[in-house]
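Enquirer: Structure file protein-v7.tsv, TSV, C-alpha atoms, is pasted below:
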```
chain	number	residue	atom	x	y	z
A	1	MET	CA	11.18	-4.39	21.03
A	2	ALA	CA	11.20	-6.80	18.10
A	3	THR	CA	11.03	-5.03	14.76
A	4	GLU	CA	9.91	-6.44	11.47
A	5	LYS	CA	9.39	-5.07	7.97
A	6	ALA	CA	6.34	-5.18	5.71
A	7	ILE	CA	6.24	-3.93	2.12
A	8	PHE	CA	2.94	-3.28	0.36
A	9	ALA	CA	2.12	-1.84	-3.06
A	10	GLY	CA	-1.39	-0.59	-3.64
A	11	GLY	CA	-1.42	2.27	-6.10
A	12	CYS	CA	-0.19	5.74	-5.30
A	13	PHE	CA	2.09	5.53	-2.27
A	14	TRP	CA	0.77	8.93	-1.11
A	15	CYS	CA	-2.55	7.21	-0.39
A	16	MET	CA	-1.09	4.20	1.39
A	17	VAL	CA	0.85	5.87	4.21
A	18	GLN	CA	-1.75	7.36	6.56
A	19	PRO	CA	-3.76	4.23	7.50
A	20	PHE	CA	-0.58	2.41	8.49
A	21	GLU	CA	1.24	5.33	10.05
A	22	GLU	CA	-1.63	5.95	12.45
A	23	ARG	CA	-1.68	2.34	13.74
A	24	ALA	CA	-0.22	1.50	17.14
A	25	GLY	CA	3.06	-0.37	16.88
A	26	ILE	CA	4.12	1.24	13.60
A	27	LEU	CA	7.57	2.80	13.88
A	28	THR	CA	8.04	4.19	10.35
A	29	VAL	CA	6.28	4.20	7.00
A	30	THR	CA	8.40	5.13	4.00
A	31	SER	CA	7.18	5.74	0.45
A	32	GLY	CA	9.36	4.21	-2.24
A	33	TYR	CA	9.85	1.86	-5.14
A	34	THR	CA	10.40	-1.89	-5.35
A	35	GLY	CA	10.02	-4.86	-7.66
A	36	GLY	CA	12.03	-3.45	-10.54
A	37	ASP	CA	15.37	-3.80	-12.26
A	38	TRP	CA	17.12	-0.45	-11.78
A	39	ALA	CA	19.17	0.70	-8.81
A	40	HIS	CA	18.13	4.00	-7.25
A	41	PRO	CA	15.11	4.67	-9.49
A	42	THR	CA	13.60	8.14	-9.49
A	43	TYR	CA	9.94	9.06	-9.49
A	44	GLU	CA	10.20	10.28	-13.09
A	45	GLN	CA	11.77	6.99	-14.21
A	46	VAL	CA	9.18	4.84	-12.41
A	47	LYS	CA	6.35	6.99	-13.76
A	48	GLN	CA	7.64	6.41	-17.31
A	49	HIS	CA	7.31	2.61	-16.83
A	50	ILE	CA	10.96	1.98	-17.74
A	51	THR	CA	12.29	0.52	-14.47
A	52	GLY	CA	9.80	-2.25	-13.66
A	53	HIS	CA	9.27	-0.81	-10.17
A	54	THR	CA	5.98	-0.22	-8.44
A	55	GLU	CA	5.21	2.48	-5.92
A	56	ALA	CA	5.11	0.90	-2.46
A	57	ILE	CA	5.42	1.57	1.22
A	58	GLU	CA	7.89	0.02	3.61
A	59	ILE	CA	6.60	-0.35	7.16
A	60	ILE	CA	8.87	-0.96	10.12
A	61	PHE	CA	6.78	-2.20	13.02
A	62	ASP	CA	7.10	-3.59	16.51
A	63	ASN	CA	5.74	-7.12	16.15
A	64	GLU	CA	5.13	-7.28	19.89
A	65	LEU	CA	2.52	-4.51	19.47
A	66	VAL	CA	1.05	-5.28	16.06
A	67	ALA	CA	1.05	-8.54	14.12
A	68	TYR	CA	1.97	-8.85	10.45
A	69	GLU	CA	-1.39	-10.54	9.95
A	70	ASP	CA	-3.14	-7.35	11.17
A	71	LEU	CA	-1.15	-5.27	8.69
A	72	VAL	CA	-2.17	-7.57	5.83
A	73	GLU	CA	-5.81	-7.20	6.88
A	74	LEU	CA	-5.42	-3.42	6.90
A	75	TYR	CA	-3.78	-3.62	3.47
A	76	TRP	CA	-6.86	-5.31	1.98
A	77	GLN	CA	-9.00	-2.52	3.42
A	78	THR	CA	-6.95	0.19	1.70
A	79	THR	CA	-6.80	-1.23	-1.85
A	80	ASP	CA	-8.91	-2.72	-4.61
A	81	PRO	CA	-7.61	-6.31	-4.61
A	82	THR	CA	-9.56	-7.10	-7.81
A	83	ASP	CA	-7.66	-4.65	-10.04
A	84	ALA	CA	-4.30	-5.93	-11.30
A	85	PHE	CA	-3.64	-2.96	-13.59
A	86	GLY	CA	-3.41	-0.16	-11.06
A	87	GLN	CA	-5.48	1.31	-8.29
A	88	PHE	CA	-8.36	3.71	-8.75
A	89	ALA	CA	-7.27	6.69	-10.91
A	90	ASP	CA	-3.66	5.45	-10.97
A	91	ARG	CA	-3.18	3.07	-13.89
A	92	GLY	CA	-0.23	0.98	-15.00
A	93	ASP	CA	2.28	-1.55	-13.77
A	94	ASN	CA	3.89	0.98	-11.42
A	95	TYR	CA	0.63	1.03	-9.44
A	96	ARG	CA	-0.04	-2.72	-9.34
A	97	PRO	CA	-1.15	-4.24	-6.02
A	98	VAL	CA	1.47	-6.52	-4.47
A	99	ILE	CA	2.24	-7.87	-1.03
A	100	PHE	CA	6.03	-8.30	-0.89
A	101	TYR	CA	6.95	-10.87	1.74
A	102	GLU	CA	10.21	-10.84	3.70
A	103	ASN	CA	10.19	-14.48	4.82
A	104	GLU	CA	8.26	-17.73	4.60
A	105	ALA	CA	6.04	-16.87	7.57
A	106	GLN	CA	4.93	-13.62	5.90
A	107	ARG	CA	4.27	-15.47	2.64
A	108	GLU	CA	2.07	-18.02	4.39
A	109	ILE	CA	0.14	-15.31	6.25
A	110	ALA	CA	-0.41	-13.30	3.06
A	111	GLU	CA	-1.52	-16.31	1.03
A	112	ALA	CA	-3.91	-17.53	3.74
A	113	SER	CA	-5.36	-14.05	4.08
A	114	LYS	CA	-5.83	-13.78	0.32
A	115	ARG	CA	-7.65	-17.14	0.22
A	116	LYS	CA	-9.85	-16.05	3.13
A	117	LEU	CA	-10.73	-12.80	1.36
A	118	GLN	CA	-11.51	-14.63	-1.89
A	119	ASP	CA	-13.69	-17.16	-0.06
A	120	SER	CA	-15.53	-14.42	1.83
A	121	GLY	CA	-17.51	-13.35	-1.23
A	122	ARG	CA	-16.94	-9.70	-0.34
A	123	PHE	CA	-15.90	-9.02	-3.96
A	124	ASP	CA	-17.62	-10.22	-7.12
A	125	ALA	CA	-14.34	-10.44	-9.05
A	126	PRO	CA	-11.30	-12.61	-8.24
A	127	ILE	CA	-8.64	-11.33	-5.85
A	128	VAL	CA	-5.69	-10.62	-8.16
A	129	THR	CA	-3.21	-8.96	-5.80
A	130	LYS	CA	0.18	-10.62	-6.27
A	131	ILE	CA	2.25	-12.04	-3.42
A	132	GLU	CA	5.94	-11.86	-4.29
A	133	PRO	CA	9.31	-12.08	-2.52
A	134	ALA	CA	10.60	-8.72	-1.33
A	135	GLN	CA	13.24	-7.05	-3.42
A	136	THR	CA	15.36	-4.01	-2.72
A	137	PHE	CA	13.22	-1.14	-1.48
A	138	TRP	CA	14.36	2.28	-2.68
A	139	PRO	CA	13.00	5.23	-0.66
A	140	ALA	CA	11.27	7.84	-2.79
A	141	GLU	CA	12.41	11.41	-2.92
A	142	TYR	CA	11.91	13.50	0.22
A	143	TYR	CA	8.96	15.46	-1.15
A	144	HIS	CA	6.92	12.23	-1.40
A	145	GLN	CA	7.35	11.34	2.27
A	146	GLY	CA	4.38	12.14	4.55
A	147	PHE	CA	2.42	13.63	1.65
A	148	TYR	CA	-0.90	13.58	3.52
A	149	ARG	CA	0.54	15.83	6.25
A	150	LYS	CA	2.36	18.21	3.92
A	151	HIS	CA	-0.44	18.63	1.35
A	152	PRO	CA	-3.78	17.91	3.07
A	153	GLU	CA	-5.96	19.46	0.34
A	154	ASP	CA	-4.23	17.57	-2.48
A	155	TYR	CA	-4.33	14.39	-0.41
A	156	LYS	CA	-8.07	14.78	0.16
A	157	GLU	CA	-8.59	14.81	-3.62
A	158	GLU	CA	-6.24	11.87	-4.17
A	159	ILE	CA	-8.06	9.55	-1.76
A	160	GLN	CA	-11.66	10.41	-2.66
A	161	GLU	CA	-12.20	7.55	-5.14
A	162	ARG	CA	-10.33	5.13	-2.88
A	163	ARG	CA	-12.40	6.12	0.16
A	164	THR	CA	-15.67	5.65	-1.77
A	165	PHE	CA	-14.63	2.18	-2.95
A	166	ILE	CA	-13.55	1.12	0.52
A	167	LEU	CA	-16.80	2.28	2.07
A	168	GLN	CA	-18.73	0.23	-0.51
A	169	HIS	CA	-16.86	-2.96	0.34
A	170	TRP	CA	-15.94	-2.63	4.00
A	171	ASN	CA	-18.66	-0.35	5.46
A	172	GLU	CA	-15.90	1.66	7.08
A	173	THR	CA	-12.74	3.36	6.01
A	174	ASN	CA	-9.29	3.76	7.45
A	175	TYR	CA	-9.11	7.22	5.91
A	176	PRO	CA	-10.46	10.14	7.98
A	177	THR	CA	-13.60	11.92	6.90
A	178	GLU	CA	-13.82	15.70	6.71
A	179	ASN	CA	-15.12	15.84	10.28
A	180	GLU	CA	-12.23	13.74	11.62
A	181	LYS	CA	-9.46	15.91	10.18
```
If you convert what's in this file into structure tokens, what do you get?

Expert:
Amino acid sequence: MATEKAIFAGGCFWCMVQPFEERAGILTVTSGYTGGDWAHPTYEQVKQHITGHTEAIEIIFDNELVAYEDLVELYWQTTDPTDAFGQFADRGDNYRPVIFYENEAQREIAEASKRKLQDSGRFDAPIVTKIEPAQTFWPAEYYHQGFYRKHPEDYKEEIQERRTFILQHWNETNYPTENEK
């Protein structure tokens, strides 16, 4: 097995975990914080916009079973890449969309994928998701991990706006419908 890491920010980390966690080849998905200046930030600190961090997920995957390129494609299908100031109901710099690359190969894949999405005409507005070098990833507090499994009713409410947007732009969603739960 050859493992690799991917880090994506796309709004509330509660809403980012499930689509990746349910993919073949994914070993772990951890909610956390990255891109800021403080060591060991807490949820309360990040939420107050004082650390510079954004909520993100760290994915450890077997790159013999799933390619980084496939994860980037899934990322686009779980976010609004035209909104630089948050995602859906979650507003502010701590919810900004960012692909954090671990190495030059990941950077090239992410940038090529972003250009392809922009050129596709799928969105009327420019693709504004940032592509930045990975920084230290700080796991979030335990109660944030696996939120969709622990709090299915709250999760259903959290992803409603996201699911609607994704269906409008992709004609499918990586989030289960009521009948699939």

Enquirer: Excluding segment 14-23 of chain A and residues on its chain fewer than 3 positions from it, collect all residues at most 9 Å away from it, counting only C-alpha atoms, and give them as a ChimeraX atom specification.

Expert: /A:8-11,26-31,56-57,59,66,71,74-75,78-79,144-149,155,158-159,162,174-176

Enquirer: Report the closest atom pair, with its distance in Å rounded to one decimal, for each residue of segment 11-116 of chain A that has an atom no farther than 6 Å from segment 136-143 of chain A; count all atoms listed in the file, sort by chain and then rising residue number, and write it as a tab-separated table.

Expert:
```
residue	atom	partner	partner_atom	distance
A:Ser31	CA	A:Ala140	CA	5.6
A:Gly32	CA	A:Pro139	CA	4.1
A:Tyr33	CA	A:Trp138	CA	5.2
A:Thr34	CA	A:Phe137	CA	4.8
```

Enquirer: By how many Å are atom CA of Ala2 of chain A and atom CA of Gly36 of chain A apart?

Expert: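 Computing it gives 28.8 Å between the two atoms.
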
Enquirer: Can you measure atom CA of Ser113 of chain A to atom CA of Glu161 of chain A for me? One decimal in Å is fine.

Expert: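 These atoms are spaced 24.5 Å apart.
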
Enquirer: Using atom CA of Lys130 of chain A and atom CA of Gly52 of chain A as the two end points, give the distance in Å to one decimal.

Expert: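 Distance reported for this atom pair: 14.7 Å.
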
Enquirer: Can you tell me which residues surround Pro126 of chain A at a distance of at most 9 Å, considering all atoms listed in the file, apart from same-chain residues fewer than 2 positions away, and format the answer as an MDAnalysis selection string?

Expert: chainID A and resid 81:83 118 123:124 128

Enquirer: Can you list, as number ranges by chain, every protein, DNA or RNA residue that comes within 10 Å of Trp76 of chain A when you count only C-alpha atoms, leaving out same-chain residues fewer than 6 positions away?

Expert: A: 10, 97, 99, 113-114, 117, 129, 166, 170

Enquirer: Could you write segment 150-161 of chain A as a PDB file, in the frame of the given file, with all heavy atoms rebuilt where they are missing?

Expert:
```pdb
ATOM      1  N   LYS A 150       1.810  17.031   4.573  1.00  0.00           N
ATOM      2  CA  LYS A 150       2.360  18.210   3.920  1.00  0.00           C
ATOM      3  C   LYS A 150       1.367  18.902   2.989  1.00  0.00           C
ATOM      4  O   LYS A 150       1.435  20.107   2.798  1.00  0.00           O
ATOM      5  CB  LYS A 150       3.597  17.838   3.097  1.00  0.00           C
ATOM      6  CG  LYS A 150       4.762  17.342   3.903  1.00  0.00           C
ATOM      7  CD  LYS A 150       5.878  16.922   2.949  1.00  0.00           C
ATOM      8  CE  LYS A 150       6.990  16.210   3.636  1.00  0.00           C
ATOM      9  NZ  LYS A 150       7.964  15.667   2.670  1.00  0.00           N
ATOM     10  N   HIS A 151       0.489  18.114   2.371  1.00  0.00           N
ATOM     11  CA  HIS A 151      -0.440  18.630   1.350  1.00  0.00           C
ATOM     12  C   HIS A 151      -1.853  18.106   1.613  1.00  0.00           C
ATOM     13  O   HIS A 151      -2.382  17.335   0.808  1.00  0.00           O
ATOM     14  CB  HIS A 151       0.024  18.212  -0.037  1.00  0.00           C
ATOM     15  CG  HIS A 151       1.437  18.586  -0.333  1.00  0.00           C
ATOM     16  ND1 HIS A 151       1.815  19.858  -0.680  1.00  0.00           N
ATOM     17  CD2 HIS A 151       2.583  17.850  -0.310  1.00  0.00           C
ATOM     18  CE1 HIS A 151       3.121  19.897  -0.870  1.00  0.00           C
ATOM     19  NE2 HIS A 151       3.610  18.690  -0.636  1.00  0.00           N
ATOM     20  N   PRO A 152      -2.484  18.500   2.708  1.00  0.00           N
ATOM     21  CA  PRO A 152      -3.780  17.910   3.070  1.00  0.00           C
ATOM     22  C   PRO A 152      -4.882  18.111   2.028  1.00  0.00           C
ATOM     23  O   PRO A 152      -5.702  17.211   1.828  1.00  0.00           O
ATOM     24  CB  PRO A 152      -4.130  18.579   4.396  1.00  0.00           C
ATOM     25  CG  PRO A 152      -3.246  19.766   4.499  1.00  0.00           C
ATOM     26  CD  PRO A 152      -2.036  19.486   3.673  1.00  0.00           C
ATOM     27  N   GLU A 153      -4.909  19.233   1.345  1.00  0.00           N
ATOM     28  CA  GLU A 153      -5.960  19.460   0.340  1.00  0.00           C
ATOM     29  C   GLU A 153      -5.750  18.564  -0.879  1.00  0.00           C
ATOM     30  O   GLU A 153      -6.708  17.976  -1.391  1.00  0.00           O
ATOM     31  CB  GLU A 153      -6.008  20.939  -0.064  1.00  0.00           C
ATOM     32  CG  GLU A 153      -6.507  21.844   1.057  1.00  0.00           C
ATOM     33  CD  GLU A 153      -7.882  21.459   1.577  1.00  0.00           C
ATOM     34  OE1 GLU A 153      -8.802  21.210   0.757  1.00  0.00           O
ATOM     35  OE2 GLU A 153      -8.046  21.389   2.813  1.00  0.00           O
ATOM     36  N   ASP A 154      -4.523  18.457  -1.347  1.00  0.00           N
ATOM     37  CA  ASP A 154      -4.230  17.570  -2.480  1.00  0.00           C
ATOM     38  C   ASP A 154      -4.488  16.112  -2.100  1.00  0.00           C
ATOM     39  O   ASP A 154      -5.023  15.343  -2.892  1.00  0.00           O
ATOM     40  CB  ASP A 154      -2.774  17.729  -2.932  1.00  0.00           C
ATOM     41  CG  ASP A 154      -2.490  19.098  -3.525  1.00  0.00           C
ATOM     42  OD1 ASP A 154      -3.435  19.746  -4.019  1.00  0.00           O
ATOM     43  OD2 ASP A 154      -1.321  19.519  -3.482  1.00  0.00           O
ATOM     44  N   TYR A 155      -4.123  15.753  -0.887  1.00  0.00           N
ATOM     45  CA  TYR A 155      -4.330  14.390  -0.410  1.00  0.00           C
ATOM     46  C   TYR A 155      -5.821  14.052  -0.379  1.00  0.00           C
ATOM     47  O   TYR A 155      -6.224  12.968  -0.798  1.00  0.00           O
ATOM     48  CB  TYR A 155      -3.712  14.231   0.981  1.00  0.00           C
ATOM     49  CG  TYR A 155      -3.968  12.886   1.614  1.00  0.00           C
ATOM     50  CD1 TYR A 155      -3.386  11.736   1.114  1.00  0.00           C
ATOM     51  CD2 TYR A 155      -4.801  12.767   2.726  1.00  0.00           C
ATOM     52  CE1 TYR A 155      -3.618  10.497   1.693  1.00  0.00           C
ATOM     53  CE2 TYR A 155      -5.035  11.539   3.309  1.00  0.00           C
ATOM     54  CZ  TYR A 155      -4.441  10.410   2.784  1.00  0.00           C
ATOM     55  OH  TYR A 155      -4.689   9.192   3.358  1.00  0.00           O
ATOM     56  N   LYS A 156      -6.621  14.984   0.087  1.00  0.00           N
ATOM     57  CA  LYS A 156      -8.070  14.780   0.160  1.00  0.00           C
ATOM     58  C   LYS A 156      -8.631  14.428  -1.227  1.00  0.00           C
ATOM     59  O   LYS A 156      -9.456  13.524  -1.362  1.00  0.00           O
ATOM     60  CB  LYS A 156      -8.742  16.024   0.727  1.00  0.00           C
ATOM     61  CG  LYS A 156     -10.234  15.886   0.909  1.00  0.00           C
ATOM     62  CD  LYS A 156     -10.818  17.064   1.646  1.00  0.00           C
ATOM     63  CE  LYS A 156     -10.639  18.338   0.867  1.00  0.00           C
ATOM     64  NZ  LYS A 156     -11.324  19.487   1.448  1.00  0.00           N
ATOM     65  N   GLU A 157      -8.150  15.111  -2.254  1.00  0.00           N
ATOM     66  CA  GLU A 157      -8.590  14.810  -3.620  1.00  0.00           C
ATOM     67  C   GLU A 157      -8.084  13.449  -4.075  1.00  0.00           C
ATOM     68  O   GLU A 157      -8.814  12.704  -4.721  1.00  0.00           O
ATOM     69  CB  GLU A 157      -8.099  15.898  -4.574  1.00  0.00           C
ATOM     70  CG  GLU A 157      -8.822  17.212  -4.412  1.00  0.00           C
ATOM     71  CD  GLU A 157      -8.312  18.266  -5.381  1.00  0.00           C
ATOM     72  OE1 GLU A 157      -7.925  17.899  -6.515  1.00  0.00           O
ATOM     73  OE2 GLU A 157      -8.295  19.441  -4.997  1.00  0.00           O
ATOM     74  N   GLU A 158      -6.838  13.144  -3.745  1.00  0.00           N
ATOM     75  CA  GLU A 158      -6.240  11.870  -4.170  1.00  0.00           C
ATOM     76  C   GLU A 158      -6.978  10.660  -3.617  1.00  0.00           C
ATOM     77  O   GLU A 158      -7.089   9.636  -4.284  1.00  0.00           O
ATOM     78  CB  GLU A 158      -4.769  11.796  -3.735  1.00  0.00           C
ATOM     79  CG  GLU A 158      -3.819  12.612  -4.549  1.00  0.00           C
ATOM     80  CD  GLU A 158      -3.602  12.062  -5.944  1.00  0.00           C
ATOM     81  OE1 GLU A 158      -3.604  10.825  -6.133  1.00  0.00           O
ATOM     82  OE2 GLU A 158      -3.434  12.885  -6.852  1.00  0.00           O
ATOM     83  N   ILE A 159      -7.463  10.734  -2.383  1.00  0.00           N
ATOM     84  CA  ILE A 159      -8.060   9.550  -1.760  1.00  0.00           C
ATOM     85  C   ILE A 159      -9.565   9.446  -1.930  1.00  0.00           C
ATOM     86  O   ILE A 159     -10.164   8.461  -1.495  1.00  0.00           O
ATOM     87  CB  ILE A 159      -7.710   9.457  -0.253  1.00  0.00           C
ATOM     88  CG1 ILE A 159      -8.321  10.608   0.543  1.00  0.00           C
ATOM     89  CG2 ILE A 159      -6.220   9.310  -0.044  1.00  0.00           C
ATOM     90  CD1 ILE A 159      -8.303  10.394   2.031  1.00  0.00           C
ATOM     91  N   GLN A 160     -10.196  10.404  -2.571  1.00  0.00           N
ATOM     92  CA  GLN A 160     -11.660  10.410  -2.660  1.00  0.00           C
ATOM     93  C   GLN A 160     -12.210   9.138  -3.296  1.00  0.00           C
ATOM     94  O   GLN A 160     -13.094   8.499  -2.739  1.00  0.00           O
ATOM     95  CB  GLN A 160     -12.137  11.655  -3.424  1.00  0.00           C
ATOM     96  CG  GLN A 160     -13.601  11.920  -3.232  1.00  0.00           C
ATOM     97  CD  GLN A 160     -13.979  12.074  -1.762  1.00  0.00           C
ATOM     98  OE1 GLN A 160     -13.259  12.673  -0.975  1.00  0.00           O
ATOM     99  NE2 GLN A 160     -15.088  11.504  -1.379  1.00  0.00           N
ATOM    100  N   GLU A 161     -11.711   8.751  -4.460  1.00  0.00           N
ATOM    101  CA  GLU A 161     -12.200   7.550  -5.140  1.00  0.00           C
ATOM    102  C   GLU A 161     -11.903   6.299  -4.318  1.00  0.00           C
ATOM    103  O   GLU A 161     -12.731   5.397  -4.198  1.00  0.00           O
ATOM    104  CB  GLU A 161     -11.567   7.453  -6.527  1.00  0.00           C
ATOM    105  CG  GLU A 161     -12.122   6.325  -7.363  1.00  0.00           C
ATOM    106  CD  GLU A 161     -11.500   6.280  -8.754  1.00  0.00           C
ATOM    107  OE1 GLU A 161     -10.792   7.230  -9.160  1.00  0.00           O
ATOM    108  OE2 GLU A 161     -11.720   5.268  -9.432  1.00  0.00           O
TER     109      GLU A 161
END
```
